[in-house]
Amino acid sequence: MKNIYSLLLISLFVACTNGKEQSVEELIASDDAVAIQKKKDELVNQQQALAVQIKQLDNKLQSISPDRNVPLITTFLAQPKEFKHYLELQGSVETKQNIVITPETGGIITNIYVKEGQNVIKGQLLASIDDGGLSQQKAQLEIQADLAKTTFERQKRLWDQKIGSEIQYLQAKSQYEGLQKSIAQINQQLSKNSVRAPFSGIIDDVITEQGNVAAPGQTPLMRLVNLSDMYIKTDVPESYITSINKGKEVEIDFPVLGKSITSKIRQTGNFINPANRTFDVEIAVPNKDRSIKPNLTARLKINDYVNENAILIPQSIISENAEGQQYVYILTEKNGDIATAKRVIIKTGRTQQDNIEVLAGLEENAEIIKEGARSVKDGQTVKILESENSNA
């Protein structure tokens, strides 16, 4: 095409030079209005003649190669498929059985019976603290209680036979019962000197040592952790309160471990936090191999929406008109690999990664333009290079 234009221009130049006509520059310099006008008219006529010739050449090229200006595209078929939308959040692993054990009573730590990493069961003895003489007091009270019991039993037999006074009987009874209660109280106090596991778990850390003095409720003795009942707690925006509920499937990814598991929501909060407009959810974390630890960061994908017959298309092929309507191009009047592009207005729904759900505007098996979608126009002839069965 460029060669044709060049030949025409050369011919025009030769024709002008052969006639020994003045150049345009010379005519302008002459200030001869008549000559200038005449030259302009000649050039306009030549331009029009060239345009006619170019049009003729274009028509011939069109008949010889009709596809030379046709946009090249690829397409895919709109086919319904299951679509699961996931809300992506972040949380950390927690356990309600992760405590630092402190003594209920003060004194010297006489024994520590466990080591770090040891498995213990609920009620197992972990440590003991000096009782400060309570055992001796208990022994004395038991001796007094034995005597009081014997006295009470004798007074009771006499009273049953109507021998003796009622006051003597009641005094013996009162003294015996009082000593029993005193012994029970000392037993309760002595039980606090034995530190026992409040639940089954693993001794994660032994903080103190034998011989140290422990203060009640203040001195940390050891950390006990149960890795069996783990969960993840996270905040969910209030807009999802109707779609995120108990039993929803959750995909959990632990980047540090390179591990992913599937679980379900076991509890949802009933309170909206006014500070950030969120509610809490708890997700159970199976941990049979005990590789998951408290405070471990986790990425969550909560399935909040399912459409079993969704049409999905790439977001990159969607355009928007001046009215804010979204549209894509489909094929009509298809003849082999030649077809006509048709603009259709669509209504979209939720997105997931690079795809978006189409709620209205596309029918099943509609052939949608993918590559080249942004370069075609409504009603334009296009040529199909490749056609996919689906957008997957």
# chains A, B, ... in the order shown; residues from 1 in each chain; ligands from 1

$ select_by_dssp --residues "segment 151-338 of chain A" --states "helix (DSSP H, G or I)" --output "PyMOL selection string"
chain A and resi 151-160+166-191+238-240+315-317

$ select_by_dssp --residues "segment 204-379 of chain A" --states "strand (DSSP E or B)" --output "ChimeraX atom specification"
/A:204-206,213-214,222-225,230-237,249-254,259-268,273,278-285,297-314,319-320,326-335,338-352,355-360,367-369

$ residues_around --residues "Gln218 of chain A" --least-positions-apart "4" --cutoff "12 Å" --atoms "only C-alpha atoms" --output "number ranges by chain"
A: 100-107, 208, 213-214

$ closest_residue --among "A:Phe279, A:Lys38, A:Ser263, A:Phe254" --to "Thr242 of chain A" --atoms "only C-alpha atoms"
A:Phe279

$ residues_around --residues "segment 338-349 of chain A" --least-positions-apart "5" --cutoff "6 Å" --atoms "only C-alpha atoms" --output "list in words"
Gln326, Tyr327, Val328, Tyr329, Ile330, Leu331, Thr332, Glu333, Glu357, Val358, Leu359, Ala360, Gly361, Asp378, Gly379, Gln380, Thr381, Val382 and Lys383 of chain A

$ write_last_selection --atoms "C-alpha atoms" --output "PDB file, in the first residue's frame"
ATOM      1  CA  GLN A 326     -21.226  -3.076  32.687  1.00  0.00           C
ATOM      2  CA  TYR A 327     -21.041  -4.922  29.385  1.00  0.00           C
ATOM      3  CA  VAL A 328     -19.190  -7.651  27.486  1.00  0.00           C
ATOM      4  CA  TYR A 329     -19.165  -8.788  23.871  1.00  0.00           C
ATOM      5  CA  ILE A 330     -20.639 -12.026  22.595  1.00  0.00           C
ATOM      6  CA  LEU A 331     -20.661 -13.506  19.086  1.00  0.00           C
ATOM      7  CA  THR A 332     -23.606 -13.533  16.664  1.00  0.00           C
ATOM      8  CA  GLU A 333     -23.990 -14.434  12.990  1.00  0.00           C
ATOM      9  CA  GLU A 357     -20.187 -13.930  38.951  1.00  0.00           C
ATOM     10  CA  VAL A 358     -22.707 -12.844  36.269  1.00  0.00           C
ATOM     11  CA  LEU A 359     -26.232 -12.637  37.674  1.00  0.00           C
ATOM     12  CA  ALA A 360     -28.034 -11.468  34.522  1.00  0.00           C
ATOM     13  CA  GLY A 361     -27.393 -10.672  30.859  1.00  0.00           C
ATOM     14  CA  ASP A 378     -20.663  -3.346  18.714  1.00  0.00           C
ATOM     15  CA  GLY A 379     -21.614  -4.865  15.349  1.00  0.00           C
ATOM     16  CA  GLN A 380     -18.013  -5.222  14.198  1.00  0.00           C
ATOM     17  CA  THR A 381     -16.871  -8.252  12.194  1.00  0.00           C
ATOM     18  CA  VAL A 382     -14.283 -10.309  14.064  1.00  0.00           C
ATOM     19  CA  LYS A 383     -12.147 -13.371  13.374  1.00  0.00           C
TER      20      LYS A 383
END
